[in-house]
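Pasted below: coords.tsv, TSV, C-alpha atoms.
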```tsv
chain	number	residue	atom	x	y	z
A	14	MET	CA	26.29	30.39	48.89
A	15	PRO	CA	26.52	29.99	45.12
A	16	LYS	CA	23.28	29.72	43.19
A	17	ILE	CA	22.51	26.10	42.36
A	18	VAL	CA	21.77	25.75	38.65
A	19	ASP	CA	20.16	22.66	37.17
A	20	HIS	CA	22.06	22.51	33.90
A	21	ASP	CA	19.83	19.88	32.31
A	22	GLN	CA	16.80	22.01	33.06
A	23	ARG	CA	18.50	25.09	31.56
A	24	ARG	CA	19.31	23.17	28.40
A	25	GLU	CA	15.69	22.06	28.09
A	26	GLN	CA	14.45	25.61	28.65
A	27	LEU	CA	16.68	26.79	25.82
A	28	ALA	CA	15.50	23.99	23.54
A	29	GLU	CA	11.88	24.84	24.36
A	30	ALA	CA	12.59	28.47	23.45
A	31	ALA	CA	14.00	27.16	20.14
A	32	TRP	CA	10.81	25.09	19.64
A	33	ARG	CA	8.67	28.21	20.06
A	34	ILE	CA	10.75	30.03	17.44
A	35	ILE	CA	10.60	27.06	15.04
A	36	ARG	CA	6.82	26.87	15.36
A	37	ARG	CA	6.33	30.61	14.98
A	38	ASP	CA	9.03	31.65	12.48
A	39	GLY	CA	10.34	28.42	11.00
A	40	LEU	CA	13.69	26.73	11.38
A	41	GLU	CA	15.58	29.58	9.70
A	42	GLY	CA	14.46	31.86	12.55
A	43	VAL	CA	16.63	29.99	15.06
A	44	SER	CA	19.89	31.75	15.98
A	45	VAL	CA	21.72	31.61	19.31
A	46	ARG	CA	20.93	35.32	19.79
A	47	ARG	CA	17.19	34.93	19.20
A	48	VAL	CA	16.94	31.82	21.36
A	49	ALA	CA	18.72	33.64	24.22
A	50	GLU	CA	16.21	36.50	23.88
A	51	GLU	CA	13.23	34.12	23.71
A	52	ALA	CA	14.45	32.27	26.81
A	53	GLY	CA	15.18	35.54	28.66
A	54	MET	CA	18.84	34.57	29.07
A	55	SER	CA	22.00	36.43	28.16
A	56	LEU	CA	23.92	35.34	25.09
A	57	GLY	CA	26.90	34.64	27.39
A	58	SER	CA	24.84	32.28	29.56
A	59	LEU	CA	23.43	30.50	26.51
A	60	ARG	CA	26.95	29.94	25.18
A	61	HIS	CA	27.71	28.05	28.38
A	62	TYR	CA	25.31	25.37	27.03
A	63	PHE	CA	25.42	25.74	23.26
A	64	VAL	CA	28.20	27.36	21.26
A	65	THR	CA	26.71	27.05	17.79
A	66	GLN	CA	23.26	27.14	16.22
A	67	SER	CA	23.84	23.55	15.02
A	68	GLU	CA	24.35	22.30	18.57
A	69	LEU	CA	21.20	24.05	19.67
A	70	LEU	CA	19.17	22.62	16.78
A	71	ALA	CA	20.52	19.12	17.36
A	72	PHE	CA	19.58	19.26	21.03
A	73	SER	CA	16.12	20.68	20.18
A	74	MET	CA	15.39	17.75	17.86
A	75	ARG	CA	16.80	15.17	20.30
A	76	LEU	CA	14.60	16.64	23.02
A	77	VAL	CA	11.54	15.69	20.94
A	78	SER	CA	12.69	12.05	20.86
A	79	GLU	CA	13.61	12.09	24.55
A	80	ARG	CA	10.25	13.48	25.63
A	81	VAL	CA	8.35	10.91	23.57
A	82	THR	CA	10.52	8.04	24.86
A	83	LYS	CA	10.13	9.25	28.45
A	84	ARG	CA	6.33	9.36	28.16
A	85	MET	CA	6.30	5.90	26.58
A	86	LYS	CA	8.39	4.46	29.41
A	87	GLY	CA	6.28	6.17	32.08
A	88	MET	CA	2.97	4.99	30.58
A	89	ALA	CA	0.54	2.99	32.69
A	90	LEU	CA	0.11	-0.23	30.73
A	91	SER	CA	-3.26	-1.97	30.70
A	92	GLY	CA	-1.82	-5.47	30.42
A	93	ASP	CA	-3.76	-5.96	27.19
A	94	PRO	CA	-1.06	-5.80	24.47
A	95	ARG	CA	-3.51	-4.69	21.75
A	96	THR	CA	-4.70	-1.69	23.81
A	97	ASP	CA	-1.15	-0.84	24.88
A	98	MET	CA	0.11	-0.80	21.27
A	99	GLU	CA	-2.50	1.80	20.47
A	100	THR	CA	-1.68	3.90	23.53
A	101	ILE	CA	2.05	3.81	22.77
A	102	ILE	CA	1.50	4.82	19.12
A	103	GLY	CA	-0.72	7.61	20.46
A	104	GLU	CA	2.37	9.19	22.03
A	105	LEU	CA	3.77	9.89	18.54
A	106	VAL	CA	0.82	11.69	16.99
A	107	PRO	CA	-0.59	15.21	17.60
A	108	LEU	CA	-3.38	14.33	20.04
A	109	ASP	CA	-2.82	17.28	22.39
A	110	GLU	CA	-0.87	20.56	22.54
A	111	GLU	CA	2.31	18.89	23.88
A	112	ARG	CA	2.42	16.27	21.13
A	113	LEU	CA	1.40	18.86	18.50
A	114	ALA	CA	4.44	20.98	19.47
A	115	GLU	CA	6.73	17.95	19.11
A	116	CYS	CA	5.18	16.97	15.77
A	117	GLU	CA	5.51	20.51	14.40
A	118	VAL	CA	9.19	20.60	15.34
A	119	TRP	CA	9.70	17.16	13.76
A	120	LEU	CA	8.00	18.31	10.52
A	121	ALA	CA	10.10	21.50	10.35
A	122	PHE	CA	13.27	19.40	10.71
A	123	THR	CA	12.08	16.85	8.18
A	124	GLY	CA	11.14	19.47	5.58
A	125	ASN	CA	14.48	21.27	5.94
A	126	SER	CA	16.87	18.39	6.32
A	127	LEU	CA	17.23	17.52	2.63
A	128	ALA	CA	19.30	20.61	1.93
A	129	HIS	CA	21.09	20.58	5.30
A	130	PRO	CA	23.33	17.55	5.85
A	131	LYS	CA	23.62	18.09	9.62
A	132	LEU	CA	19.86	18.15	10.09
A	133	ARG	CA	19.61	15.15	7.82
A	134	LEU	CA	21.74	13.00	10.10
A	135	LEU	CA	19.39	13.84	12.96
A	136	SER	CA	16.26	13.16	10.92
A	137	ASP	CA	17.74	9.84	9.80
A	138	GLU	CA	18.39	8.91	13.44
A	139	VAL	CA	14.78	9.67	14.34
A	140	HIS	CA	13.47	7.77	11.29
A	141	ASP	CA	15.55	4.69	12.10
A	142	SER	CA	14.60	4.53	15.78
A	143	LEU	CA	10.92	4.95	14.86
A	144	PHE	CA	11.16	2.20	12.27
A	145	ALA	CA	12.73	-0.09	14.91
A	146	PHE	CA	9.82	0.78	17.21
A	147	PHE	CA	7.18	-0.10	14.58
A	148	ARG	CA	9.03	-3.27	13.70
A	149	HIS	CA	8.96	-4.20	17.40
A	150	ILE	CA	5.18	-3.57	17.55
A	151	VAL	CA	4.58	-5.84	14.54
A	152	ASP	CA	7.00	-8.53	15.78
A	153	SER	CA	5.31	-8.51	19.20
A	154	ALA	CA	1.87	-8.89	17.60
A	155	ILE	CA	3.19	-11.91	15.67
A	156	GLU	CA	4.89	-13.48	18.72
A	157	LEU	CA	1.77	-13.03	20.84
A	158	LYS	CA	-0.26	-14.62	18.02
A	159	LEU	CA	-2.43	-11.50	17.84
A	160	ALA	CA	-1.51	-10.74	14.22
A	161	LYS	CA	-3.18	-12.28	11.20
A	162	PRO	CA	-1.25	-15.37	10.18
A	163	GLY	CA	1.22	-15.03	7.31
A	164	ILE	CA	1.78	-11.26	7.40
A	165	ASP	CA	5.13	-9.87	6.21
A	166	PRO	CA	6.63	-8.20	9.32
A	167	LYS	CA	8.99	-5.81	7.51
A	168	LEU	CA	6.36	-4.67	5.03
A	169	GLU	CA	3.77	-4.22	7.80
A	170	ALA	CA	6.24	-2.23	9.90
A	171	MET	CA	7.08	0.03	6.93
A	172	ARG	CA	3.37	0.47	6.21
A	173	LEU	CA	2.50	1.31	9.83
A	174	HIS	CA	5.46	3.71	10.06
A	175	ALA	CA	4.42	5.50	6.83
A	176	LEU	CA	0.79	5.67	7.97
A	177	VAL	CA	1.72	7.19	11.35
A	178	ASP	CA	4.15	9.73	9.86
A	179	GLY	CA	1.51	10.64	7.25
A	180	LEU	CA	-1.04	11.16	10.04
A	181	VAL	CA	1.48	13.39	11.84
A	182	VAL	CA	1.93	15.51	8.69
A	183	HIS	CA	-1.84	15.78	8.20
A	184	GLY	CA	-2.62	16.44	11.87
A	185	VAL	CA	-0.06	19.25	11.89
A	186	MET	CA	-0.94	20.74	8.48
A	187	ARG	CA	-4.72	20.28	8.42
A	188	PRO	CA	-5.75	20.11	12.11
A	189	GLU	CA	-9.30	21.22	11.28
A	190	LEU	CA	-9.74	18.30	8.84
A	191	VAL	CA	-7.58	15.62	10.47
A	192	LYS	CA	-8.54	15.88	14.13
A	193	PRO	CA	-7.13	13.97	17.11
A	194	ASP	CA	-10.25	11.74	17.09
A	195	ASP	CA	-9.75	10.92	13.41
A	196	ILE	CA	-6.11	10.02	14.03
A	197	THR	CA	-7.04	7.72	16.92
A	198	ARG	CA	-9.80	6.06	14.88
A	199	ILE	CA	-7.49	5.49	11.91
A	200	VAL	CA	-4.76	3.95	14.11
A	201	THR	CA	-7.34	1.67	15.81
A	202	TYR	CA	-8.82	0.69	12.46
A	203	HIS	CA	-5.39	-0.04	11.00
A	204	LEU	CA	-4.35	-2.19	13.97
A	205	ASP	CA	-7.72	-4.00	13.80
A	206	ALA	CA	-6.97	-4.86	10.17
A	207	LEU	CA	-3.52	-6.14	11.15
A	208	MET	CA	-4.84	-8.38	13.92
A	209	ALA	CA	-6.69	-11.66	13.71
A	210	GLN	CA	-9.34	-10.31	16.12
A	211	LYS	CA	-10.79	-6.81	16.44
A	212	LYS	CA	-10.10	-4.76	19.53
A	213	GLU	CA	-13.49	-5.39	21.17
A	214	SER	CA	-12.90	-9.13	21.21
A	215	GLY	CA	-9.16	-8.82	21.73
A	216	LEU	CA	-9.27	-9.57	25.43
A	217	GLU	CA	-11.12	-12.84	24.89
A	218	THR	CA	-8.24	-14.21	22.86
A	219	GLN	CA	-5.80	-13.83	25.80
B	1	MET	CA	11.37	39.78	-37.08
B	2	PRO	CA	10.88	39.79	-33.31
B	3	LYS	CA	12.00	36.71	-31.38
B	4	ILE	CA	9.06	34.46	-30.52
B	5	VAL	CA	9.08	33.65	-26.81
B	6	ASP	CA	6.96	30.89	-25.33
B	7	HIS	CA	5.98	32.54	-22.07
B	8	ASP	CA	4.57	29.39	-20.46
B	9	GLN	CA	7.81	27.57	-21.22
B	10	ARG	CA	9.84	30.44	-19.73
B	11	ARG	CA	7.75	30.37	-16.54
B	12	GLU	CA	8.30	26.62	-16.23
B	13	GLN	CA	12.05	27.04	-16.80
B	14	LEU	CA	12.16	29.57	-13.97
B	15	ALA	CA	10.12	27.31	-11.68
B	16	GLU	CA	12.45	24.40	-12.48
B	17	ALA	CA	15.41	26.62	-11.58
B	18	ALA	CA	13.63	27.34	-8.28
B	19	TRP	CA	13.13	23.56	-7.75
B	20	ARG	CA	16.88	22.99	-8.18
B	21	ILE	CA	17.63	25.66	-5.58
B	22	ILE	CA	15.00	24.26	-3.17
B	23	ARG	CA	16.45	20.75	-3.47
B	24	ARG	CA	20.05	21.94	-3.11
B	25	ASP	CA	19.82	24.82	-0.62
B	26	GLY	CA	16.34	24.62	0.86
B	27	LEU	CA	13.37	26.91	0.47
B	28	GLU	CA	15.14	29.84	2.14
B	29	GLY	CA	17.69	29.80	-0.70
B	30	VAL	CA	15.06	30.95	-3.21
B	31	SER	CA	15.23	34.63	-4.15
B	32	VAL	CA	14.33	36.22	-7.49
B	33	ARG	CA	18.01	37.10	-7.98
B	34	ARG	CA	19.28	33.56	-7.38
B	35	VAL	CA	16.57	32.00	-9.52
B	36	ALA	CA	17.44	34.36	-12.39
B	37	GLU	CA	21.11	33.33	-12.06
B	38	GLU	CA	20.24	29.62	-11.85
B	39	ALA	CA	18.06	29.90	-14.97
B	40	GLY	CA	20.70	31.94	-16.83
B	41	MET	CA	18.24	34.82	-17.25
B	42	SER	CA	18.57	38.49	-16.37
B	43	LEU	CA	16.76	39.78	-13.31
B	44	GLY	CA	14.84	42.13	-15.61
B	45	SER	CA	13.60	39.25	-17.77
B	46	LEU	CA	12.60	37.25	-14.71
B	47	ARG	CA	10.58	40.19	-13.40
B	48	HIS	CA	8.54	40.03	-16.59
B	49	TYR	CA	7.16	36.74	-15.23
B	50	PHE	CA	7.44	37.01	-11.45
B	51	VAL	CA	7.71	40.24	-9.47
B	52	THR	CA	8.08	38.76	-5.99
B	53	GLN	CA	9.64	35.70	-4.40
B	54	SER	CA	6.14	34.69	-3.19
B	55	GLU	CA	4.78	34.59	-6.73
B	56	LEU	CA	7.73	32.50	-7.83
B	57	LEU	CA	7.31	30.06	-4.94
B	58	ALA	CA	3.57	29.77	-5.51
B	59	PHE	CA	4.10	28.97	-9.18
B	60	SER	CA	6.86	26.46	-8.30
B	61	MET	CA	4.53	24.55	-5.98
B	62	ARG	CA	1.60	24.71	-8.42
B	63	LEU	CA	3.87	23.34	-11.14
B	64	VAL	CA	4.32	20.18	-9.04
B	65	SER	CA	0.54	19.64	-8.97
B	66	GLU	CA	0.19	20.49	-12.65
B	67	ARG	CA	2.89	18.05	-13.74
B	68	VAL	CA	1.38	15.24	-11.64
B	69	THR	CA	-2.14	15.96	-12.95
B	70	LYS	CA	-0.88	16.10	-16.54
B	71	ARG	CA	0.85	12.71	-16.23
B	72	MET	CA	-2.25	11.20	-14.64
B	73	LYS	CA	-4.45	12.45	-17.49
B	74	GLY	CA	-1.98	11.27	-20.13
B	75	MET	CA	-1.65	7.77	-18.62
B	76	ALA	CA	-2.39	4.73	-20.73
B	77	LEU	CA	-5.12	2.96	-18.75
B	78	SER	CA	-5.27	-0.82	-18.72
B	79	GLY	CA	-9.04	-1.00	-18.43
B	80	ASP	CA	-8.66	-2.95	-15.17
B	81	PRO	CA	-9.66	-0.45	-12.47
B	82	ARG	CA	-7.60	-2.15	-9.75
B	83	THR	CA	-4.39	-1.93	-11.82
B	84	ASP	CA	-5.15	1.62	-12.90
B	85	MET	CA	-5.65	2.80	-9.31
B	86	GLU	CA	-2.18	1.55	-8.49
B	87	THR	CA	-0.66	3.18	-11.57
B	88	ILE	CA	-2.34	6.51	-10.81
B	89	ILE	CA	-1.19	6.47	-7.16
B	90	GLY	CA	2.29	5.65	-8.49
B	91	GLU	CA	2.38	9.11	-10.08
B	92	LEU	CA	2.41	10.70	-6.61
B	93	VAL	CA	5.32	8.81	-5.06
B	94	PRO	CA	9.08	9.05	-5.67
B	95	LEU	CA	9.48	6.13	-8.11
B	96	ASP	CA	11.92	7.91	-10.45
B	97	GLU	CA	14.03	11.07	-10.62
B	98	GLU	CA	11.17	13.20	-11.98
B	99	ARG	CA	8.76	12.20	-9.21
B	100	LEU	CA	11.53	12.41	-6.59
B	101	ALA	CA	12.14	16.05	-7.57
B	102	GLU	CA	8.42	16.83	-7.22
B	103	CYS	CA	8.21	15.02	-3.86
B	104	GLU	CA	11.27	16.84	-2.50
B	105	VAL	CA	9.77	20.20	-3.45
B	106	TRP	CA	6.45	19.20	-1.85
B	107	LEU	CA	8.21	18.17	1.38
B	108	ALA	CA	10.19	21.43	1.53
B	109	PHE	CA	6.94	23.39	1.17
B	110	THR	CA	5.15	21.23	3.72
B	111	GLY	CA	7.91	21.51	6.31
B	112	ASN	CA	8.10	25.29	5.92
B	113	SER	CA	4.48	26.21	5.55
B	114	LEU	CA	3.55	26.19	9.25
B	115	ALA	CA	5.45	29.37	9.94
B	116	HIS	CA	4.66	30.96	6.57
B	117	PRO	CA	0.97	31.68	5.99
B	118	LYS	CA	1.31	32.18	2.22
B	119	LEU	CA	2.98	28.80	1.78
B	120	ARG	CA	0.39	27.29	4.06
B	121	LEU	CA	-2.48	28.27	1.77
B	122	LEU	CA	-0.71	26.52	-1.09
B	123	SER	CA	0.01	23.40	0.97
B	124	ASP	CA	-3.62	23.30	2.09
B	125	GLU	CA	-4.75	23.49	-1.54
B	126	VAL	CA	-2.51	20.54	-2.43
B	127	HIS	CA	-3.66	18.56	0.62
B	128	ASP	CA	-7.33	19.10	-0.18
B	129	SER	CA	-7.07	18.18	-3.84
B	130	LEU	CA	-5.11	15.04	-2.92
B	131	PHE	CA	-7.69	14.08	-0.33
B	132	ALA	CA	-10.44	14.51	-2.96
B	133	PHE	CA	-8.40	12.24	-5.26
B	134	PHE	CA	-8.06	9.49	-2.62
B	135	ARG	CA	-11.73	9.80	-1.75
B	136	HIS	CA	-12.52	9.33	-5.44
B	137	ILE	CA	-10.32	6.18	-5.56
B	138	VAL	CA	-12.12	4.67	-2.55
B	139	ASP	CA	-15.59	5.69	-3.79
B	140	SER	CA	-14.84	4.16	-7.21
B	141	ALA	CA	-13.71	0.91	-5.58
B	142	ILE	CA	-17.01	0.81	-3.67
B	143	GLU	CA	-19.15	1.66	-6.71
B	144	LEU	CA	-17.40	-0.96	-8.82
B	145	LYS	CA	-17.97	-3.48	-6.00
B	146	LEU	CA	-14.23	-4.10	-5.82
B	147	ALA	CA	-13.92	-2.94	-2.21
B	148	LYS	CA	-14.58	-5.10	0.82
B	149	PRO	CA	-18.22	-4.69	1.86
B	150	GLY	CA	-18.96	-2.28	4.72
B	151	ILE	CA	-15.79	-0.16	4.61
B	152	ASP	CA	-15.98	3.47	5.79
B	153	PRO	CA	-15.13	5.53	2.67
B	154	LYS	CA	-13.99	8.69	4.48
B	155	LEU	CA	-11.82	6.82	6.96
B	156	GLU	CA	-10.30	4.66	4.19
B	157	ALA	CA	-9.56	7.75	2.07
B	158	MET	CA	-7.89	9.49	5.03
B	159	ARG	CA	-5.89	6.33	5.76
B	160	LEU	CA	-4.78	5.89	2.14
B	161	HIS	CA	-3.87	9.59	1.89
B	162	ALA	CA	-1.81	9.44	5.12
B	163	LEU	CA	-0.10	6.23	3.98
B	164	VAL	CA	0.87	7.69	0.60
B	165	ASP	CA	2.12	11.00	2.08
B	166	GLY	CA	4.09	9.01	4.69
B	167	LEU	CA	5.65	6.92	1.90
B	168	VAL	CA	6.57	10.15	0.09
B	169	VAL	CA	8.29	11.48	3.24
B	170	HIS	CA	10.16	8.19	3.73
B	171	GLY	CA	11.06	7.76	0.06
B	172	VAL	CA	12.53	11.27	0.04
B	173	MET	CA	14.24	11.12	3.45
B	174	ARG	CA	15.46	7.52	3.50
B	175	PRO	CA	15.73	6.50	-0.17
B	176	GLU	CA	18.27	3.78	0.66
B	177	LEU	CA	15.82	2.13	3.10
B	178	VAL	CA	12.47	2.92	1.47
B	179	LYS	CA	13.13	2.15	-2.18
B	180	PRO	CA	10.78	2.61	-5.16
B	181	ASP	CA	10.10	-1.16	-5.14
B	182	ASP	CA	9.16	-1.06	-1.45
B	183	ILE	CA	6.78	1.85	-2.08
B	184	THR	CA	5.11	0.01	-4.95
B	185	ARG	CA	4.79	-3.19	-2.90
B	186	ILE	CA	3.28	-1.34	0.06
B	187	VAL	CA	0.72	0.45	-2.13
B	188	THR	CA	-0.22	-2.85	-3.83
B	189	TYR	CA	-0.47	-4.61	-0.47
B	190	HIS	CA	-2.61	-1.83	1.00
B	191	LEU	CA	-5.00	-1.80	-1.97
B	192	ASP	CA	-5.19	-5.62	-1.80
B	193	ALA	CA	-6.27	-5.32	1.83
B	194	LEU	CA	-8.91	-2.77	0.85
B	195	MET	CA	-10.35	-4.92	-1.91
B	196	ALA	CA	-12.52	-8.00	-1.70
B	197	GLN	CA	-10.15	-9.80	-4.08
B	198	LYS	CA	-6.38	-9.59	-4.43
B	199	LYS	CA	-4.81	-8.09	-7.52
B	200	GLU	CA	-3.88	-11.43	-9.14
B	201	SER	CA	-7.52	-12.53	-9.22
B	202	GLY	CA	-8.83	-9.01	-9.81
B	203	LEU	CA	-9.32	-9.48	-13.54
B	204	GLU	CA	-11.43	-12.59	-13.04
B	205	THR	CA	-13.96	-10.62	-11.03
B	206	GLN	CA	-14.64	-8.28	-14.00
```

What is this file in structure tokens?
Amino acid sequence: MPKIVDHDQRREQLAEAAWRIIRRDGLEGVSVRRVAEEAGMSLGSLRHYFVTQSELLAFSMRLVSERVTKRMKGMALSGDPRTDMETIIGELVPLDEERLAECEVWLAFTGNSLAHPKLRLLSDEVHDSLFAFFRHIVDSAIELKLAKPGIDPKLEAMRLHALVDGLVVHGVMRPELVKPDDITRIVTYHLDALMAQKKESGLETQ
Amino acid sequence: MPKIVDHDQRREQLAEAAWRIIRRDGLEGVSVRRVAEEAGMSLGSLRHYFVTQSELLAFSMRLVSERVTKRMKGMALSGDPRTDMETIIGELVPLDEERLAECEVWLAFTGNSLAHPKLRLLSDEVHDSLFAFFRHIVDSAIELKLAKPGIDPKLEAMRLHALVDGLVVHGVMRPELVKPDDITRIVTYHLDALMAQKKESGLETQ
């Protein structure tokens, strides 16, 4: 009987091996040869999934987005929109080892994409889908009449997006100064300032 | 008569050549040989100033901080602290070609410093001095009784720092979506929210 191979799983294993190299040696350390070694796979087997380094890098970055999206979709929602907004945003920031790994990979791509047009297209994709997500958060807060009256939705979405990406950079770069608790407190505080009511009294307004 | 050489100027010329390479080819494109070529200088002359690639990179990153600090110190202040805070923060974000170059170099260092301990020390230095700057802004706003009563100075400084670094990332990565005007508006809006009075009425509170 032929061995049954889960190709999606293999692809993810290879991308995770690429993540480890990116975190340890930087983006320039990623080559198909080194990723095959890191994943304990032959170069021939790897080439069944990825022919070029670019393909491998693109999949590695997309895997970050896919993992985040999957966790967001699988989240247990509380039913309180204010609390859920905070929990969903929490999936994007380095609050544990899994999210730290994703954030480090994102930062390596971001910092290297200026000079590398192919990486830039990927980073732009990620930026745009995140902006759409933050815009949706702000629009929902307005529709649900949770937001302060008269706020500018586009400006607030841009501000929230910049704040969260800045917290990602700081949580990755200065983890001993910008701790998971700090990040959570800052996101809560920022959302409080955006809303007509603070979180504690949020439920009463439902 | 021997030729008079301004050594500081030469060092800055070499660092600027390194900036051009970083922006065009990424941080991994920087070698002493390529910087000498880019600056139109012999490798021997370059080695008079920088022996290793690390020294050259360190100086290139420090030059970003020095240029920003110099502009801040040379700024014409309006005398209105609220307006001046905004102008000073404006020196850190990509509002023109000069600041865009500095921000791009900063982002390349940031995105590559995780895997490179020497770069990391430099990035940490920059992070810490920027945090001290934002803390000073918030503390000044409190002392001058411009800030909303009861704000948490450390949390506000961390939030402002994250917001500004996030705007730098977005202004560099997505300049067609996050334009200089947007960045200025977001900073103004954020400071307005921090203060007891909005900017327009700020002068009347003096």

Give one line per residue of chain B that approaches chain A to at most 7 Å, naming the two atoms of the closest pair and their distance in Å to one decimal, counting only C-alpha atoms; sort by chain then ascending residue number and deliver it as CSV.
```
residue,atom,partner,partner_atom,distance
B:Arg23,CA,A:Ala128,CA,6.1
B:Arg24,CA,A:Ala128,CA,5.3
B:Asp25,CA,A:Ala128,CA,4.9
B:Gly26,CA,A:Ala128,CA,5.1
B:Leu107,CA,A:Gly124,CA,5.3
B:Ala108,CA,A:Gly124,CA,4.6
B:Thr110,CA,A:Gly124,CA,6.5
B:Gly111,CA,A:Gly124,CA,3.9
B:Asn112,CA,A:Ala121,CA,6.2
B:Leu114,CA,A:Arg36,CA,7.0
B:Ala115,CA,A:Asp38,CA,4.9
B:Leu155,CA,A:Ile199,CA,6.7
B:Arg159,CA,A:Ile199,CA,6.4
B:Ala162,CA,A:Gly179,CA,4.1
B:Leu163,CA,A:Leu176,CA,4.1
B:Asp165,CA,A:Gly179,CA,5.2
B:Gly166,CA,A:Gly179,CA,4.0
B:Leu167,CA,A:Ala175,CA,5.3
B:Ile186,CA,A:Arg172,CA,6.4
```

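Atom CA of B:Val138 to atom CA of B:Asp181 spans 23.1 Å [interatomic distance, one decimal].
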
Listed atoms of stretch 29-40 of chain B boxed along x, y and z, 5 Å each side, centre and edge lengths in Å, one decimal, as AutoDock Vina command-line options:
```
--center_x 17.7 --center_y 33.4 --center_z -8.8 --size_x 16.8 --size_y 17.5 --size_z 26.1
```

**Item:** Distance of atom CA of A:Pro193 from atom CA of B:Gly90, expressed in Å to one decimal place
**Value:**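 Between atom CA of B:Gly90 and atom CA of A:Pro193 the gap is 28.5 Å.
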
Name the residues in contact with B:His136 at a cut-off of 12 Å, using all atoms listed in the file, excluding same-chain residues fewer than 4 positions from it; report them as an mmCIF file with C-alpha atoms, keeping the file's coordinate frame.
```cif
data_model
loop_
_atom_site.group_PDB
_atom_site.id
_atom_site.type_symbol
_atom_site.label_atom_id
_atom_site.label_comp_id
_atom_site.auth_asym_id
_atom_site.auth_seq_id
_atom_site.Cartn_x
_atom_site.Cartn_y
_atom_site.Cartn_z
ATOM 1 C CA MET B 85 -5.650 2.800 -9.310
ATOM 2 C CA ILE B 88 -2.340 6.510 -10.810
ATOM 3 C CA ILE B 89 -1.190 6.470 -7.160
ATOM 4 C CA SER B 129 -7.070 18.180 -3.840
ATOM 5 C CA LEU B 130 -5.110 15.040 -2.920
ATOM 6 C CA PHE B 131 -7.690 14.080 -0.330
ATOM 7 C CA ALA B 132 -10.440 14.510 -2.960
ATOM 8 C CA SER B 140 -14.840 4.160 -7.210
ATOM 9 C CA ALA B 141 -13.710 0.910 -5.580
ATOM 10 C CA ILE B 142 -17.010 0.810 -3.670
ATOM 11 C CA GLU B 143 -19.150 1.660 -6.710
ATOM 12 C CA LEU B 144 -17.400 -0.960 -8.820
ATOM 13 C CA PRO B 153 -15.130 5.530 2.670
ATOM 14 C CA LYS B 154 -13.990 8.690 4.480
ATOM 15 C CA GLU B 156 -10.300 4.660 4.190
ATOM 16 C CA ALA B 157 -9.560 7.750 2.070
ATOM 17 C CA MET B 158 -7.890 9.490 5.030
ATOM 18 C CA LEU B 160 -4.780 5.890 2.140
ATOM 19 C CA HIS B 161 -3.870 9.590 1.890
#
```

**Message:** Ranking B:Arg10, B:Lys179, B:Arg67, B:Arg33 by minimum distance to B:Arg99 and counting only C-alpha atoms, which one comes first?
**Reply:** B:Arg67

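Residues surrounding A:Glu68 within 12 Å are A:Arg24, A:Leu27, A:Ala28, A:Ala31, A:Val43, A:Ser44, A:Val45, A:Leu59, A:Arg60, A:His61, A:Tyr62, A:Phe63, A:Val64, A:Thr65, A:Ala71, A:Phe72, A:Ser73, A:Met74, A:Arg75, A:Lys131, A:Leu132, A:Leu135 [all atoms listed in the file; sequence separation below 3 positions excluded].
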
**Prompt:** Between B:Leu121, B:Leu56, B:Met75, B:Val68, which has the minimum distance to B:Pro94 (counting all atoms listed in the file)?
**Reply:**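 Checking each candidate against B:Pro94, we get B:Val68 as the closest.
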
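Excluding B:Lys198 itself and same-chain residues fewer than 6 positions from it, the residues having an atom within 12 Å of it are Arg82, Thr83, Leu146, Ala147, Lys148, Thr188, Tyr189, His190, Leu191, Asp192, Glu204 and Thr205 of chain B, counting all atoms listed in the file.
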
**Request:** Work out how far atom CA of A:Arg84 is from atom CA of A:Ala30, in Å to one decimal.
**Result:** 20.7 Å

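Every protein or nucleic acid residue with an atom no more than 10 Å from B:Gln13, counting only C-alpha atoms and leaving out same-chain residues fewer than 4 positions away, appears here: His7, Asp8, Gln9, Ala17, Ala18, Trp19, Val35, Glu38, Ala39, Gly40, Met41 and Ser60 of chain B.
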